[in-house]
Structure formats: C-alpha cells, structure tokens
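target10.cif follows (mmCIF, C-alpha atoms and all ligand atoms):
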data_entry
loop_
_atom_site.label_atom_id
_atom_site.label_comp_id
_atom_site.auth_asym_id
_atom_site.auth_seq_id
_atom_site.Cartn_x
_atom_site.Cartn_y
_atom_site.Cartn_z
CA MET A 4 37.93 26.42 98.24
CA ARG A 5 36.34 27.57 95.02
CA THR A 6 37.49 30.68 93.17
CA ILE A 7 35.39 32.39 90.53
CA LEU A 8 36.54 35.37 88.49
CA ILE A 9 33.99 37.77 87.04
CA ALA A 10 35.54 39.42 84.03
CA SER A 11 34.99 41.26 80.77
CA SER A 12 36.83 43.88 78.79
CA LYS A 13 33.58 45.90 78.90
CA GLY A 14 32.48 48.23 81.65
CA GLY A 15 28.90 48.38 82.85
CA CYS A 16 27.98 44.82 81.85
CA GLY A 17 27.26 43.69 85.41
CA LYS A 18 30.56 42.35 86.76
CA THR A 19 30.13 43.98 90.17
CA THR A 20 26.44 43.05 90.27
CA VAL A 21 27.23 39.39 89.57
CA ALA A 22 30.22 39.40 91.95
CA THR A 23 28.34 40.91 94.90
CA ASN A 24 25.19 38.82 94.49
CA LEU A 25 27.20 35.62 94.11
CA ALA A 26 29.28 36.46 97.18
CA ALA A 27 26.12 37.18 99.17
CA PHE A 28 24.59 33.87 98.09
CA TYR A 29 27.58 31.96 99.46
CA ALA A 30 27.84 34.01 102.63
CA LEU A 31 24.13 33.48 103.35
CA ALA A 32 24.74 29.74 102.85
CA ASP A 33 27.27 30.05 105.72
CA LYS A 34 30.33 29.67 103.51
CA ARG A 35 33.34 31.75 104.53
CA THR A 36 33.33 34.12 101.59
CA VAL A 37 35.92 36.59 100.33
CA LEU A 38 35.29 39.15 97.60
CA ILE A 39 38.49 40.43 96.02
CA ASP A 40 37.96 43.75 94.30
CA CYS A 41 40.55 44.33 91.56
CA ASP A 42 38.80 47.47 90.29
CA PRO A 43 40.35 50.72 91.59
CA GLN A 44 36.79 52.11 91.78
CA GLU A 45 36.30 49.71 94.72
CA SER A 46 32.54 49.32 94.28
CA SER A 47 32.64 45.73 95.54
CA LEU A 48 34.79 46.68 98.49
CA ASN A 49 32.35 49.47 99.43
CA TRP A 50 29.49 47.00 99.14
CA CYS A 51 31.27 44.62 101.58
CA GLU A 52 31.71 47.50 104.03
CA ARG A 53 28.04 48.47 103.80
CA ARG A 54 27.14 44.83 104.35
CA ALA A 55 29.33 44.41 107.40
CA GLY A 56 26.57 45.67 109.71
CA LEU A 57 24.06 43.02 108.67
CA GLU A 58 23.15 40.20 111.01
CA ARG A 59 23.93 37.45 108.50
CA GLY A 60 25.92 36.99 105.35
CA ALA A 61 28.99 39.15 105.92
CA VAL A 62 31.53 39.02 103.09
CA LEU A 63 35.20 39.80 103.66
CA GLY A 64 36.28 42.41 101.12
CA LEU A 65 39.89 42.71 99.98
CA SER A 66 41.38 44.94 97.34
CA ALA A 67 44.11 43.78 94.99
CA ARG A 68 45.57 44.34 91.56
CA LEU A 69 44.54 41.75 88.99
CA GLY A 70 47.80 39.87 88.58
CA PRO A 71 49.72 36.86 89.90
CA LYS A 72 49.52 38.14 93.50
CA ALA A 73 45.81 39.00 93.49
CA LEU A 74 44.95 35.94 95.58
CA SER A 75 47.99 35.99 97.84
CA LYS A 76 46.33 37.61 100.86
CA LEU A 77 43.51 35.14 101.30
CA PRO A 78 42.79 34.28 104.92
CA LYS A 79 43.09 30.65 105.95
CA GLY A 80 39.80 28.83 105.82
CA ALA A 81 38.26 30.84 102.96
CA GLU A 82 35.69 28.59 101.29
CA ARG A 83 34.40 30.76 98.44
CA VAL A 84 36.40 33.42 96.66
CA VAL A 85 34.82 35.78 94.16
CA VAL A 86 37.11 38.08 92.18
CA ASP A 87 35.65 41.24 90.65
CA SER A 88 37.71 42.86 87.90
CA PRO A 89 37.86 46.22 86.17
CA ALA A 90 36.80 47.12 82.64
CA GLY A 91 39.64 46.82 80.18
CA THR A 92 40.94 43.57 81.65
CA GLY A 93 42.84 41.65 79.00
CA ALA A 94 43.56 38.00 78.28
CA SER A 95 47.12 38.12 79.63
CA GLU A 96 46.03 39.41 83.08
CA ILE A 97 43.54 36.56 83.34
CA ALA A 98 46.00 34.00 82.00
CA ALA A 99 48.46 35.09 84.73
CA ILE A 100 46.10 33.85 87.48
CA SER A 101 44.31 31.11 85.58
CA ASP A 102 45.99 28.32 87.53
CA GLN A 103 44.29 29.70 90.65
CA LEU A 104 40.79 29.90 89.16
CA ASP A 105 38.02 27.31 89.07
CA GLY A 106 35.80 29.22 86.65
CA ILE A 107 35.22 32.52 84.88
CA LEU A 108 31.90 34.27 84.43
CA VAL A 109 31.56 36.86 81.67
CA PRO A 110 28.46 39.08 81.98
CA VAL A 111 27.10 40.49 78.72
CA VAL A 112 24.24 42.93 78.20
CA PRO A 113 22.06 42.76 75.09
CA SER A 114 23.78 45.39 72.97
CA VAL A 115 25.66 44.96 69.70
CA ILE A 116 28.51 47.17 70.95
CA ASP A 117 28.93 45.01 74.04
CA LEU A 118 28.64 41.79 72.07
CA ASP A 119 31.32 42.89 69.58
CA ALA A 120 33.71 43.80 72.40
CA THR A 121 32.96 40.58 74.30
CA GLU A 122 33.58 38.51 71.18
CA ARG A 123 37.05 40.06 70.82
CA PHE A 124 37.72 39.54 74.53
CA LEU A 125 36.70 35.85 74.41
CA THR A 126 38.69 35.22 71.22
CA ALA A 127 41.82 36.74 72.78
CA LEU A 128 41.31 34.71 75.96
CA ALA A 129 40.71 31.43 74.13
CA GLY A 130 43.81 32.05 72.00
CA HIS A 131 46.16 32.90 74.86
CA ALA A 132 48.79 30.15 75.16
CA ASP A 133 48.91 30.09 79.00
CA PHE A 134 45.14 30.17 79.26
CA LYS A 135 44.74 27.32 76.75
CA ARG A 136 47.05 25.14 78.84
CA ARG A 137 44.99 25.58 81.99
CA LYS A 138 41.53 25.13 80.39
CA VAL A 139 39.54 27.11 82.98
CA PRO A 140 35.81 26.78 82.29
CA VAL A 141 34.31 30.02 80.97
CA ALA A 142 30.59 30.84 80.90
CA ILE A 143 28.48 33.77 79.78
CA VAL A 144 25.93 35.45 82.02
CA ALA A 145 23.33 37.24 79.93
CA ASN A 146 22.45 40.31 81.98
CA ARG A 147 19.86 43.08 81.98
CA LEU A 148 17.55 41.14 79.69
CA LYS A 149 14.11 42.43 78.86
CA PRO A 150 12.83 39.13 77.50
CA TRP A 151 9.72 40.68 75.94
CA THR A 152 11.83 42.82 73.54
CA ASN A 153 13.22 41.83 70.15
CA LEU A 154 16.51 43.45 71.11
CA SER A 155 16.99 41.06 74.03
CA ARG A 156 15.83 38.04 72.03
CA ASN A 157 18.08 38.74 69.04
CA ASN A 158 21.10 39.55 71.16
CA LEU A 159 20.55 36.46 73.29
CA ASP A 160 20.79 34.38 70.10
CA ARG A 161 24.11 36.08 69.34
CA MET A 162 25.34 35.48 72.88
CA ARG A 163 24.60 31.79 72.42
CA ALA A 164 26.80 31.79 69.32
CA LEU A 165 29.82 33.25 71.13
CA GLY A 166 31.15 29.86 72.18
CA PRO A 167 31.05 29.52 75.98
CA PRO A 168 27.68 28.37 77.35
CA VAL A 169 25.14 31.01 78.37
CA ILE A 170 24.49 29.75 81.90
CA ALA A 171 22.10 32.40 83.17
CA GLU A 172 19.63 34.91 81.82
CA LEU A 173 19.35 37.66 84.42
CA ARG A 174 16.52 40.07 83.82
CA ASP A 175 16.77 43.82 84.10
CA SER A 176 15.56 44.99 87.50
CA GLY A 177 15.94 48.25 89.35
CA GLY A 178 16.24 46.13 92.46
CA TYR A 179 19.86 45.26 91.65
CA ALA A 180 20.98 48.91 91.83
CA LEU A 181 18.88 49.57 94.92
CA MET A 182 20.29 46.61 96.79
CA ALA A 183 23.89 47.27 95.73
CA GLY A 184 23.59 50.72 97.28
CA ILE A 185 22.76 49.32 100.71
CA GLY A 186 25.18 46.39 100.76
CA ARG A 187 22.48 43.87 99.99
CA SER A 188 21.75 41.27 97.34
CA ILE A 189 18.67 39.65 95.90
CA PHE A 190 19.41 36.67 98.17
CA ASP A 191 18.75 38.78 101.26
CA TYR A 192 15.06 39.15 100.41
CA HIS A 193 12.17 36.73 100.07
CA SER A 194 9.25 38.56 98.47
CA GLU A 195 7.58 36.81 95.55
CA GLN A 196 9.08 39.27 93.07
CA VAL A 197 12.61 38.82 94.42
CA LEU A 198 12.21 35.02 94.48
CA SER A 199 11.47 35.07 90.75
CA HIS A 200 14.75 36.95 90.17
CA GLN A 201 16.59 34.47 92.39
CA GLU A 202 15.37 31.72 90.05
CA ASP A 203 17.29 33.41 87.22
CA TRP A 204 20.46 32.49 89.14
CA THR A 205 19.68 28.78 89.61
CA PRO A 206 21.47 27.51 86.46
CA LEU A 207 24.50 29.71 87.22
CA LEU A 208 24.80 28.31 90.75
CA LYS A 209 24.42 24.78 89.37
CA TRP A 210 27.17 25.38 86.80
CA ILE A 211 29.56 26.54 89.54
CA LYS A 212 28.66 23.57 91.73
CA LYS A 213 29.58 21.19 88.91
CA LEU A 214 33.10 22.66 88.76
CA ASP A 215 34.15 20.53 91.75
N1 LIG A 301 20.24 42.86 85.89
C1 LIG A 301 20.30 44.19 86.10
N2 LIG A 301 19.17 44.93 86.11
C2 LIG A 301 19.21 46.27 86.29
N3 LIG A 301 20.33 46.97 86.50
C3 LIG A 301 21.49 46.28 86.47
C4 LIG A 301 21.55 44.88 86.29
N4 LIG A 301 22.86 44.49 86.33
C5 LIG A 301 23.57 45.61 86.54
N5 LIG A 301 22.77 46.69 86.63
C6 LIG A 301 23.18 48.09 86.82
O1 LIG A 301 24.02 48.44 85.75
C7 LIG A 301 25.08 49.28 86.21
C8 LIG A 301 26.42 48.61 85.86
O2 LIG A 301 26.50 47.39 86.58
P1 LIG A 301 27.85 46.94 87.30
O3 LIG A 301 27.58 45.66 87.98
O4 LIG A 301 28.41 48.07 88.12
O5 LIG A 301 28.78 46.71 86.02
P2 LIG A 301 30.39 46.57 85.90
O6 LIG A 301 30.90 46.16 87.24
O7 LIG A 301 30.58 45.54 84.85
O8 LIG A 301 30.89 47.91 85.49
C9 LIG A 301 24.88 49.46 87.71
O9 LIG A 301 24.18 50.66 87.92
C10 LIG A 301 24.01 48.26 88.09
O10 LIG A 301 23.19 48.52 89.21
MG MG A 302 32.38 46.92 88.48
#
Let me see whether you can do it: turn the structure in this file into structure tokens.
Ligand SMILES: Nc1ncnc2c1ncn2[C@@H]1O[C@H](COP(=O)(O)OP(=O)(O)O)[C@@H](O)[C@H]1O
Ligand SMILES: [Mg+2]
Amino acid sequence: MRTILIASSKGGCGKTTVATNLAAFYALADKRTVLIDCDPQESSLNWCERRAGLERGAVLGLSARLGPKALSKLPKGAERVVVDSPAGTGASEIAAISDQLDGILVPVVPSVIDLDATERFLTALAGHADFKRRKVPVAIVANRLKPWTNLSRNNLDRMRALGPPVIAELRDSGGYALMAGIGRSIFDYHSEQVLSHQEDWTPLLKWIKKLD
C-alpha cells in the first residue's frame, strides 16, 4: 500500500485537482484506490461519486477528519491511498499521521501570496519535532503555470528555492475544472492535447514510484 497526502495551508492551490487526478491515474492502472477527503467541502468525495458510473477507474471515496484516525477505515486490500486535505491544515495535524504516510505533495500556484504562505507552512512542517523524526519525503507540485509568462518563470525560480524538490510543473488548463465537474481526470482521455498535459505528470509519478 502507498499513501500520499496532498496538503498546503493555502486554499485554491490545486490540492483537490492533484488528489483526484492522481487517484484516477492509479485506478485506471487497476490499482485498488481510495481517496480520503478530509475537507468538509467534500469536493473529492463528490468527484468519486460522479465517477462511480464510469466503466473503468472507479475510486472509493471516504470522508474523514485529518487526524490520527483519518486512515482507520481503510478497506482491506487498498493498494493506493490518496488523502486530500483542507486549506488551513497545520504542521501538527500532518505530524499526527506522518507515520502512516509515504509522501506528501504540496501544490503551489505562481503567486507571491501563495509562495509566502507555503514557505511558512513548509518551515513549520520541517521544524515540527514529530515530523522531523519520521522524515516523510515532501515535494512541491508547481501548478497552474503559464510557462510563457514572466510571472510563472519568476515564481517557479522561487518555488525551487523553497527546499523540497519541485517534482512537477503542471500547466494551467481549463480542462482540469471541466473534468473535475464530471468525475473525470486527464488520464481518462487520449487526445493529443490531453496527452501533452499527462506528460506534465510523468516526473511526479516517477517520484512517487521511487518511494517504495
Ligand atoms: N492546472 C490547473 N489549470 C487550471 N485550473 C486549475 C488547475 N489546477 C486547479 N485548477 C482550478 O483551480 C481551482 C482550485 O483548485 P482546487 O484543486 O479545488 O484547489 P484546492 O483543493 O487546493 O482548494 C479549481 O477551480 C480548479 O479546477
Ligand atoms: Mg480542495
């Protein structure tokens, strides 16, 4: 079993987008996949329900509170567990489950406000005594990039200076919102345009694979 938490203190940075697309990738690869939604807004849970009618790639959605018992209701045989978390999540909530995690992905959008908040979040996490003991690998997912803009380029440089590796550069695409709304992911489609966005995920998927 492999368990990945998607977390940030910031809202709107792409946690649910990363969580749902990652879960879909695993489910479509025939892994028994569970998506635990710790956000009371339940966007991930709703996505799982919308997805339930599809022929392939169903993801079991569970809701939980981010805390020591968040992973206690996992069904036997779960192979991939993705945990989506709410905005405002702090270092101590993550430290409380860190012994059950294989890795943490922190999405960040190219904005100074988001970068400042993420820097504080990562510093608090790295400094938390329980978290330090467990040494869970943390990586940054640069999200909503518009690579042709100076804003994206400059903020990407700052993301790279945050400490954890930047393991993916996901471009901005209206497709993500469209697909989320119908319980789908970019891994459910195979047009040329979608395939180029799937390639953005390759280094992220490789990083997770190496966590074994
Ligand atoms: N790479 C992307 N390109 C375009 N829109 C995106 C991208 N990632 C996220 N979004 C959109 O940004 C909004 C916030 O994303 P979401 O995943 O819900 O963030 P969070 O869960 O961190 O609050 C949503 O409307 C989502 O569809
Ligand atoms: Mg969310």
With 3 Å added on each side, what axis-aligned box encloses every listed atom of segment 87-102 of chain A? Give the centre and edge lengths in Å to one decimal, as AutoDock Vina command-line options.
--center_x 42.1 --center_y 37.7 --center_z 84.5 --size_x 18.8 --size_y 24.8 --size_z 18.4
| task | Around the point (18.3, 38.8, 78.4) in the file's coordinates, collect all residues with an atom within 9 Å, using all atoms listed in the file, and return them as number ranges by chain. | result | A: 111-113, 145-150, 154-156, 158-159, 171-175
| said: Please return as an MDAnalysis selection string the residues found within 8 Å of ligand LIG 301 (chain A), counting only C-alpha atoms and all ligand atoms. | reply: chainID A and resid 10:11 13:22 46 87:90 110 146:148 173:181 183
| request: Point out the residue among A:Leu125, A:Met162, A:Leu207, A:Val86 with the least atom-to-atom distance to ligand MG 302 (chain A), counting only C-alpha atoms and all ligand atoms. | output: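 Going through A:Leu125, A:Met162, A:Leu207, A:Val86 one by one, the smallest distance to ligand MG 302 (chain A) is for A:Val86.
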| field | Nearest to ligand MG 302 (chain A) by atom-to-atom distance, counting only C-alpha atoms and all ligand atoms, from A:Asp33, A:Glu45, A:Asp119, A:Asp102 | value |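 When distances to ligand MG 302 (chain A) are compared using only C-alpha atoms and all ligand atoms, the smallest one comes from A:Glu45.
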| query | Which is closest to Ser114 of chain A among A:Arg136, A:Arg68, A:Lys76, A:Arg161, if we use all atoms listed in the file? | reply |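 Between A:Arg136, A:Arg68, A:Lys76, A:Arg161, the residue approaching Ser114 of chain A most closely is A:Arg161.
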| field | Using all atoms listed in the file: which of A:Arg35, A:Arg83, A:Arg123, A:Arg137 has the shortest distance to Ala99 of chain A | value |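 Counting all atoms listed in the file, the residue closest to Ala99 of chain A is A:Arg137.
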| query | Which of these, A:Glu96, A:Asp117, A:Glu58, A:Glu82, has the shortest distance to Cys41 of chain A once you count only C-alpha atoms? | reply |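 The closest residue to Cys41 of chain A is A:Glu96.
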| request: Measure the distance from atom CA of His200 of chain A to atom CA of Leu165 of chain A in Å and round it to one decimal. | output: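 Straight-line distance from atom CA of His200 of chain A to atom CA of Leu165 of chain A works out to 24.6 Å.
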| Which residue out of A:Trp210, A:Trp151, A:Phe134, A:Trp50 has the minimum interatomic distance to ligand MG 302 (chain A) when all atoms listed in the file are used? |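 For ligand MG 302 (chain A), the nearest of the given residues is A:Trp50.
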| Which distance in Å separates atom CA of Pro43 of chain A and atom CA of Phe190 of chain A, to one decimal? |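 Interatomic distance, atom CA of Pro43 of chain A to atom CA of Phe190 of chain A: 26.1 Å.
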| task | Taking (26.5, 32.2, 82.2) in the file's own coordinates, collect the residues within 7 Å, counting only C-alpha atoms, and hand them back as a list in words. | result |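 Residues found, by chain and rising number: Leu108, Val109, Ala142, Ile143, Val144, Ala145, Pro168, Val169, Ile170, Ala171 and Leu207 of chain A.
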| request: Please indicate the distance in Å from atom CA of Leu128 of chain A to atom CA of Ala94 of chain A, rounded to one decimal place. | output: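 Computed distance, atom CA of Leu128 of chain A to atom CA of Ala94 of chain A, equals 4.6 Å.
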| request: Compile the contact shell of Glu52 of chain A as a ChimeraX atom specification: residues with an atom at most 10 Å away, counting only C-alpha atoms, same-chain residues fewer than 6 positions apart removed. | output: /A:46,61-64,185-186
